[in-house]
Amino acid sequence: MADLRLLRMRCYWRLAVFRTGAVNAASGSAYAEIGDTKVIVSVFGPRESKKAMMYSDIGRLNCNVSYTTFATPVRGQGSDNKEFSSMLHKALEGAIILDSFPKTTVDVFALVLESGGSDLPVVISCASVALADAGIMMYDLVASVSVSCLGKNLVIDPVLEEESYQDGSLMISSMPSRDEVTQLTITGEWSTAKIHEAMMLCLDACSKLGKIMRSCLKEAALASQE
Amino acid sequence: MEYVNPEGIREDGRRPLEMRHLHAEIGTVARADGSAVFEMGNTKVIAAVYGPREVQNRSQQLNDQALVRCEYSMPNFSTGDRMRKPKGDRRSTEISLVIRQTMEACILTHLMPRSQIDIFVQVLSADGGTRSACINAATLALADAGIPMRDLVTSCSAGYLNSTPLLDLSYFEDSAGGPDVTVGILPKLDKVTLLQMDARLPIDIFENVVQLATEGCKAVANYIHEVLLENTKQLEYRRGL
Amino acid sequence: MSVREWMVGLSAGEKHFIQGGIAQDLRADGRKRLTYRPIYVETGVIPQADGSAKVKMGATEVIASVKLDLARPNPSQPGKGKVSLFVSCSATAGPMFEGRGSEELSAELSVALQRCLLGGKSGAGAAFDPSCLSIVDGKLCWDAYIDGLVVSADGNLLDALGAAIKAALINTRVPVANVPAGASLDEDPDVDLSSQETTRIDTSGVPVIVTLTKVGRHYIVDATSEEESQMSSAVSVSINKERRICGLTKRGGAGLDPSIILDMISVASHVSEQLMNKLDSEIAAAEADEQM
């Protein structure tokens with residue numbers, strides 16, 4: 001389908017690649033590779049909600065993040081799945097126009113093939129590309145970026161090793177063209193000024209990442225027209 | 001092991017026929033229809049009652065009586081040793097069932113057909129006799145919720161250690177492995193609704209121990225009556241009557 | 001979200017009343033937007049735990065307990081004890097928490113509290129320094145298990161749990177473990193715990209959690225569950241005495257403008273000072289009560 005798209009971001013960024021249509025059976029899917037972190041997200045639905053669930057006049061979103069057994073340096077160590085699943089849900093739900101598919105459910109299944117740091121941000125960004133590929137109505141794409149605080153320095157898009165030594169981290173998911181934050185988490189001790197600095201850094205990066213995601217989708221659309 | 005010393009004093013300083021300190025409070029969970037805290041010594045239990053209300057799961061609806069449900073849970077910090085276990089293990093399922101059956105027997109379920117009553121019992125701190133404390137708390141919570149009952153069920157346990165019948169066993173005495181008899185009675189009707197024992201005991205001694213536990217139940221019943229009366233007075237006072 | 005929808009059924013008129021009240025700075029229970037409900041603290045409520053506390057905020061009631069277990073420290077952090085934190089919601093708080101119904105909310109609260117109180121990977125920003133739990137470096141330490149239990153839920157659970165954990169930590173007495181001289185610590189160590197002596201955890205750095213709930217264009221603190229059902233989003237910030245941010249979690253689906261988030265952080269930091277003082281005096285009073 002889409003061409004392999006390579007875009008070199010600013011020097012301290014890792015290489016980011018997005019590609020749609022990775023899973024044929026799904027309504028929409030995407031593959032993302034940022035540095036060593038490799039993720040596949042497939043989207044199924046909208047399908048009828050389970051009978052047991054109550055009537056709802058807006059759509060439901062069901063998210064699940066899992067790790068392959070070989071994703072981590074030590075076999076089968078990919079944890080935090082439940083936490084990641086709920087964080088993915090929260091990051092996406094604000095961007096999807098849930099009113100557009102009442103009584104139905106959309107499933108988002110993310111599989112981390114290789115964990116190379118900043119897993120959750122990559123999963124979130126990739127999931128929003130997959131949702132767009134599935135034709136789910138959204139206000140905007142969701143781009144997500146994290147920064148680690150190492151001593152006095154801020155490191156954007158940290159790799160696994162940096163994450164294990166971090167003093168604190170800040171993760172933002174944002175809708176770049178609307179300039180809105182859908183999810184924000186901070187751990188560790190921060191001063192207000194530092195938060196401000198890190199947020200600006202992240203938002204700037206989100207808007208750049210958003211452009212890459214957008215161009216990937218455009219190219220996929222062009223390729224399918226031809 | 002010596003559980004009763006030659007002077008006839010137990011490990012926590014009680015006499016064999018002495019109960020632990022009782023304490024009860026009504027209306028502790030503001031959002032519930034009825035709720036109560038019941039303490040027996042260091043054992044502390046909260047019960048909350050929701051209902052009667054519409055049956056949530058239609059397939060369980062009973063057309064001639066109310067559906068009574070019960071869930072018992074025990075947090076991992078309530079006992080001496082800390083362990084993580086999921087909700088709904090066998091022990092708590094069994095206790096849930098015991099509480100449900102005991103309470104169902106005294107609620108006038110035929111007055112509330114096609115409705116559901118939920119009893120949730122939460123142990124905060126366990127030091128023996130949780131079963132009895134749960135039933136006593138549930139009774140108070142049901143009374144607070146204004147649910148029609150035949151009588152107030154009360155419960156108490158007794159055991160038999162060092163050839164002495166002991167009233168209201170603590171965790172230390174309970175874990176000695178001797179017999180532990182839990183009795184639940186309807187004090188006004190003078191009927192037994194619950195009787196459980198998990199060891200071997202000669203029949204004449206068994207009668208003595210059951211008699212002792214029943215006496216304990218009556219003492220609890222007196223206390224519960226006092227608490228409810230006091231609570232009603234308070235309510236009356238607040239209404240300005 | 002499903003849990004929250006379950007809890008309150010509001011008519012259109014009630015929704016309008018709540019939203020209108022918040023817009024006019026006069027909430028349904030007579031409070032202003034940035035006023036808390038009265039807070040009650042009781043410490044030492046669970047005799048089996050090493051430290052425990054109960055906190056009531058209006059109809060919200062939570063219990064926190066701290067339990068210490070002897071353990072072998074993690075080889076990568078020889079001088080520190082392990083700290084873990086879990087929250088569970090009791091079914092007494094409402095029928096929707098029956099069975100597995102509480103898992104989703106429990107997990108959400110646990111993660112948010114871990115983020116707010118346990119600090120980053122390197123331990124920066126943690127509520128207290130886990131090196132005070134060490135007994136013999138690399139050989140023996142206390143593992144601290146912090147458990148939260150929601151007994152009655154009427155909104156603002158995270159702030160209440162944060163306050164209860166703070167009180168429980170202040171209430172915690174760490175037993176002094178005397179290791180017999182010359183004892184080999186490589187096998188199961190024989191430790192003398194008979195002495196009545198105890199030490200305390202340094203709790204000066206424990207932050208408070210302030211949740212600002214955004215309803216319409218305004219934000220409120222200490223929302224009741226009715227008010228929470230009307231929120232577009234909420235930001236929980238944990239702030240310590242030095243007014244530094246130790247963790248932040250955003251809840252609720254709607255997107256927020258970055259400048260609004262920064263404004264919310266500064267409002268939260270302002271509110272935290274009052275809350276911290278109020279809480280400190282309540283905890284001190286509860287501790288004094290318990291000593292009596």
# chains A, B, ... in the order shown; residues from 1 in each chain; ligands from 1

$ interface_residues --of "chain B" --to "chain A" --cutoff "12 Å" --atoms "only C-alpha atoms" --output "JSON, numbers by chain"
{"B": [56, 57, 58]}

$ select_by_dssp --residues "range 186-277 of chain C" --states "strand (DSSP E or B)" --output "JSON, numbers by chain"
{"C": [192, 198, 199, 200, 208, 209, 210, 211, 212, 213, 214, 215, 218, 219, 220, 221, 233, 234, 235, 236, 237, 238, 239, 245, 246, 247, 248, 249, 250, 251, 256]}

$ write_last_selection --atoms "N, CA and C atoms" --output "PDB file, in the first residue's frame"
ATOM      1  N   ASP C 192      16.071  -9.882  66.161  1.00  0.00           N
ATOM      2  CA  ASP C 192      15.412  -9.652  67.432  1.00  0.00           C
ATOM      3  C   ASP C 192      14.483  -8.455  67.298  1.00  0.00           C
ATOM      4  N   THR C 198      10.655   2.074  68.562  1.00  0.00           N
ATOM      5  CA  THR C 198      10.264   2.261  67.175  1.00  0.00           C
ATOM      6  C   THR C 198      10.835   3.568  66.657  1.00  0.00           C
ATOM      7  N   THR C 199      10.979   3.649  65.348  1.00  0.00           N
ATOM      8  CA  THR C 199      11.382   4.911  64.737  1.00  0.00           C
ATOM      9  C   THR C 199      10.257   5.351  63.821  1.00  0.00           C
ATOM     10  N   ARG C 200      10.387   6.574  63.342  1.00  0.00           N
ATOM     11  CA  ARG C 200       9.355   7.096  62.451  1.00  0.00           C
ATOM     12  C   ARG C 200       9.941   7.278  61.053  1.00  0.00           C
ATOM     13  N   VAL C 208       0.771  16.494  48.929  1.00  0.00           N
ATOM     14  CA  VAL C 208      -0.685  16.351  48.945  1.00  0.00           C
ATOM     15  C   VAL C 208      -1.155  16.334  47.495  1.00  0.00           C
ATOM     16  N   ILE C 209      -2.277  15.713  47.255  1.00  0.00           N
ATOM     17  CA  ILE C 209      -2.802  15.648  45.899  1.00  0.00           C
ATOM     18  C   ILE C 209      -3.999  16.589  45.793  1.00  0.00           C
ATOM     19  N   VAL C 210      -3.949  17.445  44.790  1.00  0.00           N
ATOM     20  CA  VAL C 210      -5.052  18.369  44.557  1.00  0.00           C
ATOM     21  C   VAL C 210      -5.633  18.056  43.184  1.00  0.00           C
ATOM     22  N   THR C 211      -6.902  17.743  43.146  1.00  0.00           N
ATOM     23  CA  THR C 211      -7.551  17.466  41.863  1.00  0.00           C
ATOM     24  C   THR C 211      -8.424  18.646  41.499  1.00  0.00           C
ATOM     25  N   LEU C 212      -8.154  19.215  40.334  1.00  0.00           N
ATOM     26  CA  LEU C 212      -9.012  20.281  39.833  1.00  0.00           C
ATOM     27  C   LEU C 212      -9.903  19.677  38.761  1.00  0.00           C
ATOM     28  N   THR C 213     -11.201  19.805  38.960  1.00  0.00           N
ATOM     29  CA  THR C 213     -12.158  19.245  38.020  1.00  0.00           C
ATOM     30  C   THR C 213     -12.716  20.383  37.183  1.00  0.00           C
ATOM     31  N   LYS C 214     -12.673  20.208  35.886  1.00  0.00           N
ATOM     32  CA  LYS C 214     -13.121  21.298  35.022  1.00  0.00           C
ATOM     33  C   LYS C 214     -14.560  21.032  34.609  1.00  0.00           C
ATOM     34  N   VAL C 215     -15.440  21.934  35.017  1.00  0.00           N
ATOM     35  CA  VAL C 215     -16.846  21.853  34.623  1.00  0.00           C
ATOM     36  C   VAL C 215     -17.148  23.150  33.894  1.00  0.00           C
ATOM     37  N   HIS C 218     -14.933  26.606  34.220  1.00  0.00           N
ATOM     38  CA  HIS C 218     -14.302  26.816  35.517  1.00  0.00           C
ATOM     39  C   HIS C 218     -13.745  25.534  36.093  1.00  0.00           C
ATOM     40  N   TYR C 219     -12.799  25.669  37.042  1.00  0.00           N
ATOM     41  CA  TYR C 219     -12.375  24.466  37.739  1.00  0.00           C
ATOM     42  C   TYR C 219     -12.740  24.538  39.216  1.00  0.00           C
ATOM     43  N   ILE C 220     -13.039  23.343  39.772  1.00  0.00           N
ATOM     44  CA  ILE C 220     -13.422  23.268  41.177  1.00  0.00           C
ATOM     45  C   ILE C 220     -12.546  22.246  41.875  1.00  0.00           C
ATOM     46  N   VAL C 221     -12.397  22.384  43.200  1.00  0.00           N
ATOM     47  CA  VAL C 221     -11.698  21.360  43.975  1.00  0.00           C
ATOM     48  C   VAL C 221     -12.740  20.508  44.688  1.00  0.00           C
ATOM     49  N   SER C 233     -12.961  17.365  32.054  1.00  0.00           N
ATOM     50  CA  SER C 233     -11.690  16.707  32.335  1.00  0.00           C
ATOM     51  C   SER C 233     -11.232  17.124  33.724  1.00  0.00           C
ATOM     52  N   ALA C 234     -10.278  16.386  34.262  1.00  0.00           N
ATOM     53  CA  ALA C 234      -9.771  16.705  35.587  1.00  0.00           C
ATOM     54  C   ALA C 234      -8.262  16.517  35.602  1.00  0.00           C
ATOM     55  N   VAL C 235      -7.583  17.367  36.357  1.00  0.00           N
ATOM     56  CA  VAL C 235      -6.132  17.251  36.466  1.00  0.00           C
ATOM     57  C   VAL C 235      -5.788  17.077  37.943  1.00  0.00           C
ATOM     58  N   SER C 236      -5.094  15.977  38.263  1.00  0.00           N
ATOM     59  CA  SER C 236      -4.661  15.744  39.638  1.00  0.00           C
ATOM     60  C   SER C 236      -3.178  16.043  39.740  1.00  0.00           C
ATOM     61  N   VAL C 237      -2.811  16.965  40.624  1.00  0.00           N
ATOM     62  CA  VAL C 237      -1.422  17.348  40.770  1.00  0.00           C
ATOM     63  C   VAL C 237      -0.986  17.011  42.184  1.00  0.00           C
ATOM     64  N   SER C 238       0.180  16.382  42.322  1.00  0.00           N
ATOM     65  CA  SER C 238       0.678  16.175  43.675  1.00  0.00           C
ATOM     66  C   SER C 238       1.811  17.163  43.932  1.00  0.00           C
ATOM     67  N   ILE C 239       1.695  17.872  45.034  1.00  0.00           N
ATOM     68  CA  ILE C 239       2.595  18.991  45.309  1.00  0.00           C
ATOM     69  C   ILE C 239       3.149  18.837  46.715  1.00  0.00           C
ATOM     70  N   ILE C 245       6.189  20.103  41.935  1.00  0.00           N
ATOM     71  CA  ILE C 245       5.218  19.116  41.460  1.00  0.00           C
ATOM     72  C   ILE C 245       5.857  17.733  41.457  1.00  0.00           C
ATOM     73  N   CYS C 246       5.210  16.760  42.107  1.00  0.00           N
ATOM     74  CA  CYS C 246       5.775  15.411  42.205  1.00  0.00           C
ATOM     75  C   CYS C 246       5.057  14.420  41.316  1.00  0.00           C
ATOM     76  N   GLY C 247       4.043  14.846  40.625  1.00  0.00           N
ATOM     77  CA  GLY C 247       3.335  13.923  39.751  1.00  0.00           C
ATOM     78  C   GLY C 247       2.080  14.583  39.248  1.00  0.00           C
ATOM     79  N   LEU C 248       1.623  14.159  38.096  1.00  0.00           N
ATOM     80  CA  LEU C 248       0.428  14.764  37.533  1.00  0.00           C
ATOM     81  C   LEU C 248      -0.294  13.734  36.674  1.00  0.00           C
ATOM     82  N   THR C 249      -1.584  13.713  36.771  1.00  0.00           N
ATOM     83  CA  THR C 249      -2.387  12.807  35.953  1.00  0.00           C
ATOM     84  C   THR C 249      -3.573  13.575  35.428  1.00  0.00           C
ATOM     85  N   LYS C 250      -3.868  13.368  34.172  1.00  0.00           N
ATOM     86  CA  LYS C 250      -5.067  13.994  33.610  1.00  0.00           C
ATOM     87  C   LYS C 250      -6.100  12.912  33.401  1.00  0.00           C
ATOM     88  N   ARG C 251      -7.318  13.209  33.767  1.00  0.00           N
ATOM     89  CA  ARG C 251      -8.403  12.266  33.541  1.00  0.00           C
ATOM     90  C   ARG C 251      -9.460  12.927  32.682  1.00  0.00           C
ATOM     91  N   LEU C 256      -7.490  19.617  26.438  1.00  0.00           N
ATOM     92  CA  LEU C 256      -7.316  20.879  27.150  1.00  0.00           C
ATOM     93  C   LEU C 256      -6.264  21.694  26.429  1.00  0.00           C
TER      94      LEU C 256
END

$ closest_residue --among "C:Gly58, C:Pro258, C:Gly253, C:Gly205" --to "chain B" --atoms "only C-alpha atoms"
C:Gly58

$ select_by_dssp --residues "range 55-235 of chain B" --states "alpha helix (DSSP H)" --output "JSON, numbers by chain"
{"B": [90, 91, 92, 93, 94, 95, 96, 97, 98, 99, 100, 101, 102, 103, 104, 105, 106, 130, 131, 132, 133, 134, 135, 136, 137, 138, 139, 140, 141, 142, 143, 144, 171, 172, 173, 174, 203, 204, 205, 206, 207, 208, 209, 210, 211, 212, 213, 214, 215, 216, 217, 218, 219, 220, 221, 222, 223, 224, 225, 226, 227, 228, 229, 230, 231, 232, 233, 234, 235]}

$ residues_around --residues "range 194-204 of chain A" --least-positions-apart "2" --cutoff "9 Å" --atoms "only C-alpha atoms" --output "ChimeraX atom specification"
/A:144-149,154,156,170-174,176,179,181,186,190-192,206-209 /C:245,258,262

$ write_last_selection --atoms "N, CA and C atoms" --output "PDB file, in the first residue's frame"
ATOM      1  N   SER A 144       1.893  11.713  20.153  1.00  0.00           N
ATOM      2  CA  SER A 144       2.307  11.631  21.543  1.00  0.00           C
ATOM      3  C   SER A 144       3.825  11.564  21.652  1.00  0.00           C
ATOM      4  N   VAL A 145       4.360  12.292  22.618  1.00  0.00           N
ATOM      5  CA  VAL A 145       5.811  12.372  22.799  1.00  0.00           C
ATOM      6  C   VAL A 145       6.106  12.405  24.293  1.00  0.00           C
ATOM      7  N   SER A 146       7.206  11.792  24.712  1.00  0.00           N
ATOM      8  CA  SER A 146       7.577  11.921  26.119  1.00  0.00           C
ATOM      9  C   SER A 146       8.969  12.531  26.247  1.00  0.00           C
ATOM     10  N   VAL A 147       9.215  13.158  27.369  1.00  0.00           N
ATOM     11  CA  VAL A 147      10.566  13.621  27.691  1.00  0.00           C
ATOM     12  C   VAL A 147      10.965  13.027  29.036  1.00  0.00           C
ATOM     13  N   SER A 148      12.259  12.744  29.155  1.00  0.00           N
ATOM     14  CA  SER A 148      12.778  12.282  30.429  1.00  0.00           C
ATOM     15  C   SER A 148      13.604  13.391  31.033  1.00  0.00           C
ATOM     16  N   CYS A 149      13.578  13.445  32.350  1.00  0.00           N
ATOM     17  CA  CYS A 149      14.408  14.418  33.037  1.00  0.00           C
ATOM     18  C   CYS A 149      15.577  13.645  33.645  1.00  0.00           C
ATOM     19  N   LEU A 154      16.834  17.772  29.918  1.00  0.00           N
ATOM     20  CA  LEU A 154      15.619  17.166  29.405  1.00  0.00           C
ATOM     21  C   LEU A 154      15.991  16.378  28.161  1.00  0.00           C
ATOM     22  N   ILE A 156      14.406  14.398  24.995  1.00  0.00           N
ATOM     23  CA  ILE A 156      13.142  14.110  24.319  1.00  0.00           C
ATOM     24  C   ILE A 156      13.214  12.718  23.695  1.00  0.00           C
ATOM     25  N   LEU A 170       7.705  13.105  31.548  1.00  0.00           N
ATOM     26  CA  LEU A 170       6.489  13.827  31.224  1.00  0.00           C
ATOM     27  C   LEU A 170       6.035  13.321  29.865  1.00  0.00           C
ATOM     28  N   MET A 171       4.795  12.926  29.784  1.00  0.00           N
ATOM     29  CA  MET A 171       4.284  12.453  28.503  1.00  0.00           C
ATOM     30  C   MET A 171       3.061  13.256  28.106  1.00  0.00           C
ATOM     31  N   ILE A 172       3.076  13.734  26.871  1.00  0.00           N
ATOM     32  CA  ILE A 172       1.933  14.493  26.370  1.00  0.00           C
ATOM     33  C   ILE A 172       1.373  13.805  25.136  1.00  0.00           C
ATOM     34  N   SER A 173       0.050  13.682  25.070  1.00  0.00           N
ATOM     35  CA  SER A 173      -0.600  13.318  23.821  1.00  0.00           C
ATOM     36  C   SER A 173      -1.385  14.543  23.405  1.00  0.00           C
ATOM     37  N   SER A 174      -1.215  14.967  22.172  1.00  0.00           N
ATOM     38  CA  SER A 174      -1.943  16.178  21.795  1.00  0.00           C
ATOM     39  C   SER A 174      -2.519  16.048  20.398  1.00  0.00           C
ATOM     40  N   PRO A 176      -2.416  18.097  17.358  1.00  0.00           N
ATOM     41  CA  PRO A 176      -1.585  19.240  16.970  1.00  0.00           C
ATOM     42  C   PRO A 176      -2.356  20.356  16.282  1.00  0.00           C
ATOM     43  N   ASP A 179      -4.375  22.213  18.776  1.00  0.00           N
ATOM     44  CA  ASP A 179      -3.581  22.690  19.909  1.00  0.00           C
ATOM     45  C   ASP A 179      -4.246  22.329  21.247  1.00  0.00           C
ATOM     46  N   VAL A 181      -4.446  19.272  24.447  1.00  0.00           N
ATOM     47  CA  VAL A 181      -3.767  18.136  25.070  1.00  0.00           C
ATOM     48  C   VAL A 181      -4.828  17.115  25.470  1.00  0.00           C
ATOM     49  N   ILE A 186       2.791  13.163  34.518  1.00  0.00           N
ATOM     50  CA  ILE A 186       4.105  13.582  34.995  1.00  0.00           C
ATOM     51  C   ILE A 186       4.484  12.689  36.164  1.00  0.00           C
ATOM     52  N   TRP A 190       9.276  18.012  39.833  1.00  0.00           N
ATOM     53  CA  TRP A 190       9.471  19.042  38.811  1.00  0.00           C
ATOM     54  C   TRP A 190       9.153  20.415  39.402  1.00  0.00           C
ATOM     55  N   SER A 191       9.851  21.433  38.886  1.00  0.00           N
ATOM     56  CA  SER A 191       9.428  22.792  39.215  1.00  0.00           C
ATOM     57  C   SER A 191       8.498  23.252  38.102  1.00  0.00           C
ATOM     58  N   THR A 192       7.702  24.282  38.396  1.00  0.00           N
ATOM     59  CA  THR A 192       6.729  24.737  37.409  1.00  0.00           C
ATOM     60  C   THR A 192       7.419  25.186  36.123  1.00  0.00           C
ATOM     61  N   CYS A 206       5.262  17.175  19.067  1.00  0.00           N
ATOM     62  CA  CYS A 206       3.987  16.572  18.667  1.00  0.00           C
ATOM     63  C   CYS A 206       3.530  17.107  17.322  1.00  0.00           C
ATOM     64  N   SER A 207       3.677  18.418  17.134  1.00  0.00           N
ATOM     65  CA  SER A 207       3.180  18.981  15.883  1.00  0.00           C
ATOM     66  C   SER A 207       4.030  18.484  14.720  1.00  0.00           C
ATOM     67  N   LYS A 208       5.334  18.293  14.947  1.00  0.00           N
ATOM     68  CA  LYS A 208       6.187  17.754  13.879  1.00  0.00           C
ATOM     69  C   LYS A 208       5.826  16.298  13.594  1.00  0.00           C
ATOM     70  N   LEU A 209       5.592  15.555  14.657  1.00  0.00           N
ATOM     71  CA  LEU A 209       5.231  14.141  14.502  1.00  0.00           C
ATOM     72  C   LEU A 209       3.891  14.031  13.775  1.00  0.00           C
TER      73      LEU A 209
ATOM     74  N   ILE C 245       6.189  20.103  41.935  1.00  0.00           N
ATOM     75  CA  ILE C 245       5.218  19.116  41.460  1.00  0.00           C
ATOM     76  C   ILE C 245       5.857  17.733  41.457  1.00  0.00           C
ATOM     77  N   PRO C 258      -2.998  23.818  26.239  1.00  0.00           N
ATOM     78  CA  PRO C 258      -1.806  23.771  27.105  1.00  0.00           C
ATOM     79  C   PRO C 258      -1.744  24.903  28.126  1.00  0.00           C
ATOM     80  N   LEU C 262      -1.360  24.750  32.354  1.00  0.00           N
ATOM     81  CA  LEU C 262      -0.380  25.474  33.172  1.00  0.00           C
ATOM     82  C   LEU C 262      -1.092  26.327  34.214  1.00  0.00           C
TER      83      LEU C 262
END

$ residues_around --residues "range 86-96 of chain A" --least-positions-apart "5" --cutoff "6 Å" --atoms "only C-alpha atoms" --output "ChimeraX atom specification"
/A:63,124,138-139,182-183 /C:253-255

$ interface_residues --of "chain B" --to "chain C" --cutoff "10 Å" --atoms "only C-alpha atoms" --output "count of residues only"
41

$ residues_around --residues "Leu275 in chain C" --least-positions-apart "2" --cutoff "12 Å" --atoms "only C-alpha atoms" --output "PyMOL selection string"
chain C and resi 34-39+159-160+162-163+207-211+221-222+238-241+268-273+277-283

$ atom_distance --atom1 "CA of Gly168 in chain A" --atom2 "CA of Met264 in chain C"
20.2 Å
